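Chemist: Got a structure for you, written out below as C-alpha cells; questions coming shortly.
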2 protein chains.
Amino acid sequence: MLRRNATIYDVSKESGSSPTTVASVLNGTWKQRRVAEKTAERVLAAAAKLGYRANLQARGLRTSKSRMIGMILPLHDNRYFSTLAECFEEEARARLLCPVVVSTRRDPAEEKRTVETLIAHSIDQLFIAGATSPNVLGEMCAQAGIAHINVDLPGTQCASVISDNYWGATQLTQYLAKSLPDADRVQDPDIYFIGGIAADNNTKQRSKAFKDVLRNLGFGKIGPEHINTCGYDALNAELAVKKLFETLGRAPTALFVNSTIAFEGIFRFLNTQSDDVVRQMNIGCYDWDPFLSHLHFPVAMVRQDAGAMIAKAFELLDSGEYVESKTIQVQPELFFPSEV
Amino acid sequence: MLRRNATIYDVSKESGSSPTTVASVLNGTWKQRRVAEKTAERVLAAAAKLGYRANLQARGLRTSKSRMIGMILPLHDNRYFSTLAECFEEEARARLLCPVVVSTRRDPAEEKRTVETLIAHSIDQLFIAGATSPNVLGEMCAQAGIAHINVDLPGTQCASVISDNYWGATQLTQYLAKSLPDADRVQDPDIYFIGGIAADNNTKQRSKAFKDVLRNLGFGKIGPEHINTCGYDALNAELAVKKLFETLGRAPTALFVNSTIAFEGIFRFLNTQSDDVVRQMNIGCYDWDPFLSHLHFPVAMVRQDAGAMIAKAFELLDSGEYVESKTIQVQPELFFPSEV
DNA sequence: TTACTTTGCGCAATCGATAGGGCATTGAAG
DNA sequence: CTTCAATGCCCTATCGATTGCGCAAAGTAA
C-alpha cells in the first residue's frame, strides 16, 4: 500500500491500462467508452489492491461539480432546525450527494462568508434555511450558477418553501382566544405575543395572523403592547415575560410564544410562579418540542412539517422550478391539549 | 462581470501581471515572493473589479489541503449532539476553517461512506463524534494522513475526548439510590437502568457505575433484569418501561434513563400513568434538556460539557497529541432537583 | 567600469481527474 | 482480397491554482 492515496496513474501502472481507461472504469463511464469487460475487471482488481480512492478535488476541478450539497442554518441546537438538517441529509443521500450543513448564527456576515466558501468549493446546490439575508445569498449563488432554494424564510431571488405561518398562527391564536372573555366586554384582550424578530417574515406572518384573528373576533385593534418581538433568544423572552407580569401586576390570560427558544426563557420565568397561576394561563408555542406536551401546564403547539418542506424543496430543485421566484407554503401540524 | 467565476488568468489579463503574481497577491504569499506593493494593489483592484473568488478545488488539488474540517455525528436532532456541533463550528471558525457537519445515524456503513467522501475532499481534520466504529474510521484517516480525534465515544486508534461517564453515572445513581429502602432490608433494589446500547462504551461505563454504586451501597449484585439497554430510541424505551411496569405490577421506585432520546419514550409512557404514581418515582436522565427541569415530576440530569470537550479536542489536534492513543475524560455537570 | 546583491516578476511543471478525438485491430460483407 | 464498420484503447489538452527556479533590471561596493 502506498503512503499517499493511490491515483489513477498508480492503478494504470498496476493494471497495465492507460490512465484514461482506468478513469473511465473507475467512474463508471467505461461502457460508453467501449472498454472491454475483461479490462474493466483487471482495473477494478488493481484499484482494490491499491485501495484507490478518487481525489474529488481533482474531479471537481475538471467537472466543476463536487457532488456536495450545502445547507446553511441559523443554529443547530433547536428541534426545528436540527430536524430540517436531518431531513435534508436523508434526501441528499438518496441522491448520492454528500450533505454539508453549516450554521451561521443569524449573522449576515457569517452567512455570506459561509456561502462564499461553499461556492468556492463548487457545491452543486444550496439550501438557504432561515437566513437573515436570503436575497444576498441567492444573488451570490445565481452569479456563480449554483442552484439554490430558500427554506423557512422566503426570498425573492429564487423559489422558497416555507411553513404556512399565517395559517398556523391563525389556528393557534383562535385556540388561545377561547380563554378570553367575550369580545363585547373587552376591547383590549389579555393575550400577548412574545418572541421572534419583527423584521423576519415568519414573525411578521404570525403576528399578523395574531392581530387579524383577534380583530375578527371583535377585540378591536391589537396594539404594539400586545406584541413583543424580543428576538429568538431565551434570555430576552424571559425578561420580556417577567416585565409583562410586572406591568400587569398579574399573569396574562393567554400567551403566544413565538419559537421553542423563546419558550425556554418563558418556561424559566413561569417556574418562578406558583403552579396554580401558571395552570390558569393558556399558552401556545409556535414550534414543537416533545417535552412541551406534558409540562405541569398545558401547551398548545404548532409543528412545522420539516420533512414535507425539504421534500418540496428538493422537488423544485430537481425540476428546475427553483429559478422562479415563488413561495410554496407547507401546512404545519397542530398539537392542542385535549379540551378540559 | 464574467458569466463564469473569474480566475487568476482573468485577473492577470485585467491587471497586466502574470498569473503567478496574481496568485501570490491573492493568497497572501506576495511578500515572500517579493511582489511590489504597487503591483499588489493593482492586482487587488482588478480582482475586486472582476469579483474574483479562488477556486478552492483547484487550490486544494495543488496543496492537498482544503481548509475544511469535518465532524461526523450520529444525529442532529438531539440537544447533546447539536450542542457539540455548534461548539465545533465556533472553534473551527476561530481557526478560519470551514466546518462541515454530517450525521451518519449510527450506521457503520454510512459512517464509512461519509468519511470516505470527506477524505476524498481532502478535509484537513476530522472529528469523529459518537461513531459506532471509531477505529475503522480512525484507520481510514490515518492511512490518508488526516488528523483526527474521537469525541464522545473513545477509540484506540488515536486520542479521544469523552465525558467522564463513570463519574457522572456514579453521582446520578447515588442520587437515585437515596430513595431506596435501606440495603439491609433488600438485596434486589427497586431501581432500573433503561436505554443505550450494551456494546457502546458510554453505556458500558454508565451501567458499570450503576452496578458498582448499588453493590457498594450493599444492595448485592445487580442482575441483568435491572439493566435494559434497549437502544437509543424513544419507541424501544417506551416499550421497555411499559413492560417493566407490567412485570412489576406497579411503578418502580427509581429509574436511570440513559439519554434524552430514551427519555422521550419513557416520558410518553409516564404520561399514561397518574401524576401521583409518577411523582413518587425518582427519575434521573443521563443527558440534559432544558424542558426536563420542570416537568410535572422531578428529573435529575447529567449535562455533558460539550464546550469543554470540543475545546480539549481542538487542543489535542493543534498540539499534535492526537496521535497518541489516550482518553481524556471531561467531567459533566449535575442538575439535581432541590431536595424536597 | 566591474562584480555582486537585491528587488521584482514570470516560466513552466505540477496536483489528479476528465473528455474529445484518433489510431490500430478485428470481423463481416461484397 | 478489398472495403468499411465496429471494437478497444490511448494521446493529449484541460480545469485553476501553487511553487521552485531563473532571469533581468536596479542598486551598491570596490
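Letters for chains follow the order of the C-alpha cells (A, B, ...), residue numbers begin at 1 for each chain, and ligand numbers begin at 1 in the order shown.
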Is it possible to get the superposed chain B, fitted on chain A over all Cα pairs by sequence order, as a short mmCIF file (atom, residue, chain, number, x, y, z; two decimals) with C-alpha atoms, in the first residue's frame?

Modeler:
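superposed_4.cif was written with the following content:
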```
data_model
loop_
_atom_site.label_atom_id
_atom_site.label_comp_id
_atom_site.auth_asym_id
_atom_site.auth_seq_id
_atom_site.Cartn_x
_atom_site.Cartn_y
_atom_site.Cartn_z
CA MET B 1 -0.04 -0.05 0.05
CA LEU B 2 1.25 3.40 -0.82
CA ARG B 3 1.90 5.94 1.86
CA ARG B 4 -0.20 8.49 -0.05
CA ASN B 5 -3.55 7.82 -1.65
CA ALA B 6 -3.32 5.88 -4.89
CA THR B 7 -4.10 7.82 -8.07
CA ILE B 8 -5.27 6.70 -11.45
CA TYR B 9 -1.62 6.78 -12.50
CA ASP B 10 -0.74 4.23 -9.85
CA VAL B 11 -3.64 2.06 -10.90
CA SER B 12 -2.62 2.57 -14.50
CA LYS B 13 0.84 1.22 -13.80
CA GLU B 14 -0.48 -1.65 -11.74
CA SER B 15 -3.07 -2.71 -14.29
CA GLY B 16 -1.14 -1.96 -17.46
CA SER B 17 -3.86 0.29 -18.85
CA SER B 18 -3.65 3.98 -19.60
CA PRO B 19 -4.81 6.57 -17.07
CA THR B 20 -7.69 7.39 -19.40
CA THR B 21 -8.96 3.86 -19.36
CA VAL B 22 -8.47 3.58 -15.64
CA ALA B 23 -10.38 6.77 -15.04
CA SER B 24 -13.25 5.73 -17.21
CA VAL B 25 -13.51 2.37 -15.53
CA LEU B 26 -13.40 3.88 -12.08
CA ASN B 27 -15.93 6.58 -12.73
CA GLY B 28 -18.33 4.35 -14.56
CA THR B 29 -18.10 5.85 -18.03
CA TRP B 30 -16.20 2.88 -19.45
CA LYS B 31 -19.08 1.46 -21.44
CA GLN B 32 -19.56 4.56 -23.51
CA ARG B 33 -15.83 4.71 -23.93
CA ARG B 34 -15.86 1.16 -25.27
CA VAL B 35 -13.52 -0.39 -22.74
CA ALA B 36 -13.57 -4.18 -22.87
CA GLU B 37 -15.09 -5.97 -19.92
CA LYS B 38 -11.84 -7.87 -19.33
CA THR B 39 -9.89 -4.65 -19.14
CA ALA B 40 -12.37 -3.15 -16.74
CA GLU B 41 -12.02 -6.13 -14.46
CA ARG B 42 -8.26 -5.89 -14.44
CA VAL B 43 -8.47 -2.21 -13.60
CA LEU B 44 -10.95 -2.76 -10.80
CA ALA B 45 -8.79 -5.46 -9.30
CA ALA B 46 -5.74 -3.22 -9.39
CA ALA B 47 -7.70 -0.34 -7.86
CA ALA B 48 -8.97 -2.54 -5.07
CA LYS B 49 -5.49 -3.85 -4.45
CA LEU B 50 -4.07 -0.34 -4.13
CA GLY B 51 -7.02 0.95 -2.13
CA TYR B 52 -7.73 3.56 -4.75
CA ARG B 53 -10.01 6.42 -3.76
CA ALA B 54 -10.80 9.15 -6.28
CA ASN B 55 -9.48 12.57 -5.41
CA LEU B 56 -12.70 14.49 -5.47
CA GLN B 57 -10.97 17.84 -5.55
CA ALA B 58 -9.28 16.91 -8.79
CA ARG B 59 -12.49 15.57 -10.21
CA GLY B 60 -14.34 18.64 -9.02
CA LEU B 61 -11.78 20.93 -10.55
CA ARG B 62 -12.19 19.28 -13.91
CA THR B 63 -15.95 18.93 -13.88
CA SER B 64 -16.75 21.95 -11.72
CA LYS B 65 -19.08 19.73 -9.74
CA SER B 66 -18.51 18.29 -6.31
CA ARG B 67 -21.47 16.02 -5.57
CA MET B 68 -21.76 17.95 -2.33
CA ILE B 69 -24.97 19.71 -1.45
CA GLY B 70 -24.99 22.41 1.19
CA MET B 71 -27.48 23.66 3.72
CA ILE B 72 -27.06 26.68 5.90
CA LEU B 73 -29.04 26.98 9.09
CA PRO B 74 -29.26 29.60 11.82
CA LEU B 75 -28.44 27.07 14.51
CA HIS B 76 -28.34 23.37 15.30
CA ASP B 77 -29.50 23.32 18.85
CA ASN B 78 -33.19 23.48 18.16
CA ARG B 79 -35.66 20.82 17.37
CA TYR B 80 -37.02 22.42 14.24
CA PHE B 81 -33.73 23.18 12.57
CA SER B 82 -32.10 19.93 13.54
CA THR B 83 -35.05 18.08 12.08
CA LEU B 84 -34.72 20.10 8.90
CA ALA B 85 -31.07 19.06 8.81
CA GLU B 86 -31.87 15.40 9.24
CA CYS B 87 -34.56 15.40 6.58
CA PHE B 88 -32.20 17.24 4.29
CA GLU B 89 -29.44 14.71 4.80
CA GLU B 90 -31.74 11.82 4.16
CA GLU B 91 -32.97 13.20 0.85
CA ALA B 92 -29.48 14.24 -0.15
CA ARG B 93 -28.17 10.75 0.43
CA ALA B 94 -30.98 9.27 -1.58
CA ARG B 95 -29.58 11.34 -4.45
CA LEU B 96 -26.04 10.15 -3.75
CA LEU B 97 -24.94 13.61 -2.76
CA CYS B 98 -22.83 14.35 0.27
CA PRO B 99 -24.84 16.62 2.56
CA VAL B 100 -22.98 19.46 4.22
CA VAL B 101 -24.75 21.36 6.96
CA VAL B 102 -23.37 24.57 8.42
CA SER B 103 -24.96 26.87 10.93
CA THR B 104 -24.46 30.61 10.67
CA ARG B 105 -26.03 31.98 13.88
CA ARG B 106 -28.36 34.39 12.08
CA ASP B 107 -25.32 36.49 11.35
CA PRO B 108 -25.46 37.99 7.85
CA ALA B 109 -21.68 38.25 7.63
CA GLU B 110 -21.28 34.64 8.69
CA GLU B 111 -23.92 33.62 6.19
CA LYS B 112 -22.08 35.37 3.39
CA ARG B 113 -18.72 33.94 4.37
CA THR B 114 -20.11 30.45 4.58
CA VAL B 115 -21.90 30.59 1.26
CA GLU B 116 -18.78 32.07 -0.25
CA THR B 117 -16.79 29.10 0.98
CA LEU B 118 -19.35 26.57 -0.14
CA ILE B 119 -19.50 28.10 -3.61
CA ALA B 120 -15.73 28.10 -3.76
CA HIS B 121 -15.87 24.39 -3.05
CA SER B 122 -18.24 24.04 -6.00
CA ILE B 123 -21.14 22.59 -4.08
CA ASP B 124 -23.77 21.58 -6.58
CA GLN B 125 -26.82 22.94 -4.80
CA LEU B 126 -27.59 25.01 -1.75
CA PHE B 127 -30.44 25.03 0.73
CA ILE B 128 -30.75 28.39 2.38
CA ALA B 129 -32.70 27.75 5.56
CA GLY B 130 -33.76 30.50 7.90
CA ALA B 131 -31.23 32.97 6.55
CA THR B 132 -31.46 36.59 7.58
CA SER B 133 -30.53 37.77 4.10
CA PRO B 134 -31.74 35.14 1.65
CA ASN B 135 -31.62 37.44 -1.33
CA VAL B 136 -28.00 38.38 -0.89
CA LEU B 137 -27.11 34.70 -0.67
CA GLY B 138 -29.38 33.84 -3.58
CA GLU B 139 -27.71 36.47 -5.66
CA MET B 140 -24.32 34.98 -4.90
CA CYS B 141 -25.50 31.53 -5.90
CA ALA B 142 -27.15 32.81 -9.05
CA GLN B 143 -23.98 34.55 -10.06
CA ALA B 144 -22.00 31.39 -9.48
CA GLY B 145 -24.58 29.32 -11.33
CA ILE B 146 -25.51 27.23 -8.31
CA ALA B 147 -29.02 25.88 -7.95
CA HIS B 148 -30.45 27.05 -4.65
CA ILE B 149 -33.66 27.33 -2.74
CA ASN B 150 -34.95 29.09 0.32
CA VAL B 151 -36.45 27.11 3.13
CA ASP B 152 -38.23 28.43 6.21
CA LEU B 153 -37.69 32.08 5.35
CA PRO B 154 -38.66 33.25 1.87
CA GLY B 155 -36.55 35.21 -0.56
CA THR B 156 -37.46 36.80 -3.85
CA GLN B 157 -34.38 35.71 -5.71
CA CYS B 158 -35.53 32.12 -6.25
CA ALA B 159 -38.25 29.77 -5.08
CA SER B 160 -39.00 29.36 -1.40
CA VAL B 161 -40.62 26.65 0.64
CA ILE B 162 -41.92 27.85 3.95
CA SER B 163 -44.41 26.95 6.62
CA ASP B 164 -47.87 28.35 6.27
CA ASN B 165 -47.17 30.63 9.19
CA TYR B 166 -50.29 32.68 8.78
CA TRP B 167 -52.52 29.64 8.87
CA GLY B 168 -50.68 28.06 11.79
CA ALA B 169 -50.70 31.25 13.80
CA THR B 170 -54.36 31.77 13.00
CA GLN B 171 -55.23 28.36 14.40
CA LEU B 172 -53.07 28.88 17.45
CA THR B 173 -54.48 32.32 18.17
CA GLN B 174 -58.03 31.12 17.76
CA TYR B 175 -57.31 28.37 20.24
CA LEU B 176 -55.81 30.81 22.73
CA ALA B 177 -58.60 33.33 22.25
CA LYS B 178 -61.15 30.88 23.55
CA SER B 179 -59.95 31.63 27.05
CA LEU B 180 -60.56 35.34 26.70
CA PRO B 181 -63.71 37.02 27.95
CA ASP B 182 -66.23 37.89 25.26
CA ALA B 183 -65.20 40.57 22.86
CA ASP B 184 -68.12 42.82 23.66
CA ARG B 185 -66.76 43.15 27.17
CA VAL B 186 -63.19 44.05 26.31
CA GLN B 187 -61.41 45.98 23.56
CA ASP B 188 -57.94 45.37 24.86
CA PRO B 189 -57.75 41.60 25.32
CA ASP B 190 -55.42 40.02 27.83
CA ILE B 191 -53.33 38.07 25.33
CA TYR B 192 -49.70 38.65 24.35
CA PHE B 193 -47.30 37.61 21.65
CA ILE B 194 -43.66 37.15 22.68
CA GLY B 195 -40.58 36.26 20.70
CA GLY B 196 -39.19 36.44 17.20
CA ILE B 197 -37.74 39.22 15.16
CA ALA B 198 -40.02 41.90 13.80
CA ALA B 199 -38.20 42.05 10.50
CA ASP B 200 -38.35 38.33 9.91
CA ASN B 201 -41.06 37.12 7.61
CA ASN B 202 -42.20 34.27 9.82
CA THR B 203 -42.71 36.58 12.73
CA LYS B 204 -44.48 39.07 10.50
CA GLN B 205 -46.92 36.47 9.26
CA ARG B 206 -47.50 35.04 12.68
CA SER B 207 -48.03 38.37 14.37
CA LYS B 208 -50.26 39.49 11.53
CA ALA B 209 -52.42 36.39 11.96
CA PHE B 210 -52.44 37.06 15.70
CA LYS B 211 -53.73 40.57 15.16
CA ASP B 212 -56.16 39.63 12.44
CA VAL B 213 -57.77 36.85 14.43
CA LEU B 214 -58.28 39.04 17.45
CA ARG B 215 -59.63 41.90 15.38
CA ASN B 216 -61.98 39.56 13.56
CA LEU B 217 -63.20 38.22 16.87
CA GLY B 218 -64.15 41.78 17.73
CA PHE B 219 -61.38 42.66 20.15
CA GLY B 220 -60.58 45.87 18.33
CA LYS B 221 -57.17 46.84 17.13
CA ILE B 222 -54.27 45.03 18.77
CA GLY B 223 -51.59 47.54 19.69
CA PRO B 224 -47.83 47.14 19.91
CA GLU B 225 -48.01 46.52 23.64
CA HIS B 226 -49.47 43.12 22.77
CA ILE B 227 -46.62 42.10 20.54
CA ASN B 228 -43.10 41.88 21.86
CA THR B 229 -40.73 40.66 19.17
CA CYS B 230 -37.83 40.40 21.54
CA GLY B 231 -35.81 38.05 19.35
CA TYR B 232 -35.14 34.33 19.11
CA ASP B 233 -33.38 34.11 22.39
CA ALA B 234 -34.31 32.56 25.69
CA LEU B 235 -32.97 35.29 27.92
CA ASN B 236 -34.78 38.13 26.18
CA ALA B 237 -38.01 36.21 26.26
CA GLU B 238 -37.52 35.55 29.96
CA LEU B 239 -37.02 39.23 30.62
CA ALA B 240 -39.93 40.14 28.38
CA VAL B 241 -42.40 37.92 30.18
CA LYS B 242 -41.10 39.05 33.55
CA LYS B 243 -41.70 42.63 32.57
CA LEU B 244 -45.14 41.76 31.27
CA PHE B 245 -46.08 40.20 34.60
CA GLU B 246 -44.75 43.25 36.42
CA THR B 247 -46.55 45.73 34.20
CA LEU B 248 -49.83 43.89 34.50
CA GLY B 249 -49.31 43.17 38.17
CA ARG B 250 -50.56 39.65 37.46
CA ALA B 251 -50.38 36.82 34.95
CA PRO B 252 -51.84 37.42 31.51
CA THR B 253 -54.70 35.20 30.40
CA ALA B 254 -53.06 33.94 27.24
CA LEU B 255 -49.58 33.88 25.75
CA PHE B 256 -48.49 33.23 22.17
CA VAL B 257 -44.85 32.20 22.34
CA ASN B 258 -43.02 32.51 19.06
CA SER B 259 -40.53 29.59 18.98
CA THR B 260 -39.36 26.98 21.44
CA ILE B 261 -36.25 29.03 22.05
CA ALA B 262 -38.31 31.89 23.37
CA PHE B 263 -40.33 29.29 25.23
CA GLU B 264 -37.26 28.19 27.14
CA GLY B 265 -36.94 31.65 28.63
CA ILE B 266 -40.64 31.94 29.32
CA PHE B 267 -40.52 28.52 30.94
CA ARG B 268 -37.72 29.60 33.25
CA PHE B 269 -39.77 32.56 34.35
CA LEU B 270 -42.99 30.62 34.78
CA ASN B 271 -41.17 28.23 37.06
CA THR B 272 -40.74 31.11 39.49
CA GLN B 273 -44.50 31.51 39.64
CA SER B 274 -46.91 29.33 41.53
CA ASP B 275 -48.33 26.34 39.70
CA ASP B 276 -51.87 27.59 40.13
CA VAL B 277 -51.13 30.88 38.50
CA VAL B 278 -49.45 29.22 35.56
CA ARG B 279 -52.10 26.58 35.13
CA GLN B 280 -54.73 29.21 34.71
CA MET B 281 -52.89 30.72 31.77
CA ASN B 282 -53.48 29.55 28.27
CA ILE B 283 -50.19 29.11 26.50
CA GLY B 284 -49.32 28.37 22.91
CA CYS B 285 -45.99 27.86 21.26
CA TYR B 286 -45.23 28.20 17.59
CA ASP B 287 -42.86 25.24 17.20
CA TRP B 288 -42.87 21.87 18.71
CA ASP B 289 -40.87 19.99 21.28
CA PRO B 290 -41.87 16.60 22.66
CA PHE B 291 -41.27 17.67 26.23
CA LEU B 292 -43.68 20.55 25.97
CA SER B 293 -46.65 18.26 25.58
CA HIS B 294 -46.83 17.40 29.24
CA LEU B 295 -45.42 20.12 31.38
CA HIS B 296 -47.20 20.90 34.61
CA PHE B 297 -49.35 23.23 32.55
CA PRO B 298 -50.85 22.65 29.12
CA VAL B 299 -49.17 24.06 26.03
CA ALA B 300 -50.62 24.20 22.54
CA MET B 301 -48.05 23.75 19.82
CA VAL B 302 -47.62 24.14 16.11
CA ARG B 303 -45.22 21.72 14.52
CA GLN B 304 -43.74 22.74 11.21
CA ASP B 305 -43.58 19.87 8.75
CA ALA B 306 -39.86 19.70 8.10
CA GLY B 307 -40.07 16.50 6.09
CA ALA B 308 -42.65 17.88 3.69
CA MET B 309 -40.78 21.14 3.31
CA ILE B 310 -37.52 19.45 2.44
CA ALA B 311 -39.22 17.04 0.07
CA LYS B 312 -40.93 19.91 -1.69
CA ALA B 313 -37.71 21.88 -1.89
CA PHE B 314 -35.86 18.99 -3.49
CA GLU B 315 -38.72 18.61 -5.91
CA LEU B 316 -38.33 22.21 -7.03
CA LEU B 317 -34.58 21.84 -7.34
CA ASP B 318 -34.83 18.59 -9.27
CA SER B 319 -37.38 19.98 -11.68
CA GLY B 320 -35.57 23.25 -12.23
CA GLU B 321 -38.56 25.21 -10.98
CA TYR B 322 -36.40 26.73 -8.29
CA VAL B 323 -35.47 29.56 -10.63
CA GLU B 324 -38.97 31.00 -10.49
CA SER B 325 -39.45 33.35 -7.61
CA LYS B 326 -42.43 31.71 -5.99
CA THR B 327 -43.32 30.70 -2.48
CA ILE B 328 -44.74 27.33 -1.55
CA GLN B 329 -46.43 27.16 1.81
CA VAL B 330 -46.54 23.90 3.72
CA GLN B 331 -49.20 23.41 6.31
CA PRO B 332 -47.91 22.76 9.83
CA GLU B 333 -49.46 20.33 12.30
CA LEU B 334 -51.40 21.40 15.35
CA PHE B 335 -51.00 19.93 18.82
CA PHE B 336 -53.66 21.27 21.09
CA PRO B 337 -54.19 20.00 24.63
CA SER B 338 -57.38 18.02 24.85
CA GLU B 339 -60.16 20.29 26.05
CA VAL B 340 -60.61 20.13 29.78
#
```

Chemist: If we count only C-alpha atoms (C1' of nucleotides) and set the cut-off at 10 Å, which residues sit around DA28 of chain C, ignoring sequence neighbours fewer than 5 positions away in its own chain? Please answer as a PDB file with N, CA and C atoms (P, O5', C5', C4', C3', O3' and C1' of nucleotides), in the first residue's frame.

Modeler:
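So part-v7.pdb came out as:
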```pdb
ATOM      1  P    DC D   4     -15.000   1.923 -48.741  1.00  0.00           P
ATOM      2  O5'  DC D   4     -15.883   1.646 -47.448  1.00  0.00           O
ATOM      3  C5'  DC D   4     -16.805   0.558 -47.445  1.00  0.00           C
ATOM      4  C4'  DC D   4     -17.213   0.240 -46.018  1.00  0.00           C
ATOM      5  C3'  DC D   4     -17.048   1.421 -45.044  1.00  0.00           C
ATOM      6  O3'  DC D   4     -18.202   1.505 -44.229  1.00  0.00           O
ATOM      7  C1'  DC D   4     -15.918  -0.451 -44.205  1.00  0.00           C
ATOM      8  P    DA D   5     -18.422   2.723 -43.239  1.00  0.00           P
ATOM      9  O5'  DA D   5     -18.980   1.926 -41.980  1.00  0.00           O
ATOM     10  C5'  DA D   5     -19.844   0.808 -42.193  1.00  0.00           C
ATOM     11  C4'  DA D   5     -19.774  -0.105 -40.981  1.00  0.00           C
ATOM     12  C3'  DA D   5     -19.900   0.628 -39.645  1.00  0.00           C
ATOM     13  O3'  DA D   5     -20.756  -0.119 -38.803  1.00  0.00           O
ATOM     14  C1'  DA D   5     -17.870  -0.598 -39.690  1.00  0.00           C
ATOM     15  P    DA D   6     -21.207   0.422 -37.399  1.00  0.00           P
ATOM     16  O5'  DA D   6     -20.373  -0.524 -36.427  1.00  0.00           O
ATOM     17  C5'  DA D   6     -20.424  -1.930 -36.626  1.00  0.00           C
ATOM     18  C4'  DA D   6     -19.454  -2.597 -35.675  1.00  0.00           C
ATOM     19  C3'  DA D   6     -19.521  -2.061 -34.245  1.00  0.00           C
ATOM     20  O3'  DA D   6     -19.530  -3.191 -33.377  1.00  0.00           O
ATOM     21  C1'  DA D   6     -17.296  -1.944 -35.041  1.00  0.00           C
TER      22       DA D   6
END
```

Chemist: Going by DSSP on the backbone, which residues of segment 126-168 of chain A come out as helix (DSSP H, G or I)? List them as an MDAnalysis selection string.

Modeler: chainID A and resid 134:144 165:168

Chemist: Take the residues from that selection and put them in a file with N, CA and C atoms, as a short mmCIF file (atom, residue, chain, number, x, y, z; two decimals), in the first residue's frame.

Modeler:
```
data_model
loop_
_atom_site.label_atom_id
_atom_site.label_comp_id
_atom_site.auth_asym_id
_atom_site.auth_seq_id
_atom_site.Cartn_x
_atom_site.Cartn_y
_atom_site.Cartn_z
N PRO A 134 -31.63 36.26 2.72
CA PRO A 134 -31.70 35.26 1.66
C PRO A 134 -31.40 35.81 0.28
N ASN A 135 -31.79 37.06 0.03
CA ASN A 135 -31.59 37.57 -1.33
C ASN A 135 -30.13 37.81 -1.66
N VAL A 136 -29.38 38.29 -0.67
CA VAL A 136 -27.95 38.49 -0.90
C VAL A 136 -27.31 37.15 -1.24
N LEU A 137 -27.66 36.14 -0.47
CA LEU A 137 -27.07 34.82 -0.69
C LEU A 137 -27.53 34.25 -2.02
N GLY A 138 -28.80 34.44 -2.31
CA GLY A 138 -29.34 33.94 -3.57
C GLY A 138 -28.63 34.59 -4.75
N GLU A 139 -28.37 35.87 -4.62
CA GLU A 139 -27.66 36.60 -5.67
C GLU A 139 -26.28 35.99 -5.90
N MET A 140 -25.62 35.69 -4.81
CA MET A 140 -24.28 35.10 -4.91
C MET A 140 -24.34 33.76 -5.65
N CYS A 141 -25.32 32.96 -5.27
CA CYS A 141 -25.46 31.65 -5.91
C CYS A 141 -25.78 31.81 -7.39
N ALA A 142 -26.70 32.71 -7.67
CA ALA A 142 -27.11 32.91 -9.05
C ALA A 142 -25.91 33.30 -9.89
N GLN A 143 -25.12 34.18 -9.34
CA GLN A 143 -23.96 34.68 -10.08
C GLN A 143 -22.97 33.54 -10.32
N ALA A 144 -22.90 32.63 -9.38
CA ALA A 144 -21.96 31.51 -9.52
C ALA A 144 -22.61 30.33 -10.24
N ASN A 165 -47.17 30.01 7.87
CA ASN A 165 -47.14 30.64 9.19
C ASN A 165 -48.45 31.34 9.52
N TYR A 166 -49.04 31.95 8.50
CA TYR A 166 -50.27 32.68 8.76
C TYR A 166 -51.37 31.71 9.21
N TRP A 167 -51.47 30.61 8.51
CA TRP A 167 -52.49 29.62 8.85
C TRP A 167 -52.24 29.04 10.25
N GLY A 168 -50.98 28.65 10.48
CA GLY A 168 -50.64 28.05 11.77
C GLY A 168 -50.91 29.00 12.92
#
```

Chemist: Kindly provide, as a list in words, the residues of chain D having any atom no farther than 9 Å from an atom of chain B, counting only C-alpha atoms (C1' of nucleotides).

Modeler: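 The contacting residues on chain D are DC15, DG16, DA17 and DT18 of chain D.
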
Chemist: Within 9 Å of chain B, which residues belong to chain C? Use only C-alpha atoms (C1' of nucleotides) and report them as an MDAnalysis selection string.

Modeler: chainID C and resid 7:10 14:16

Chemist: Which residues in segment 73-252 of chain B does DSSP call strand (DSSP E)? List them as an NGL selection string.

Modeler: :B and (73 or 98-103 or 125-129 or 147-151 or 160-163 or 191-194 or 227-228)

Chemist: What gap, in Å, lies between atom C1' of DA19 of chain C and atom C1' of DC11 of chain D?

Modeler: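 Interatomic distance, atom C1' of DA19 of chain C to atom C1' of DC11 of chain D: 11.7 Å.
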
Chemist: I'd like the interatomic distance between atom C1' of DA3 of chain C and atom C1' of DA26 of chain D, to a tenth of an Å.

Modeler: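 For atom C1' of DA3 of chain C relative to atom C1' of DA26 of chain D, the distance reads 14.3 Å.
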
Chemist: Between atom C1' of DT18 of chain C and atom C1' of DG20 of chain D, what is the spacing in Å?

Modeler: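 One can read the atom C1' of DG20 of chain D to atom C1' of DT18 of chain C distance as 27.6 Å.
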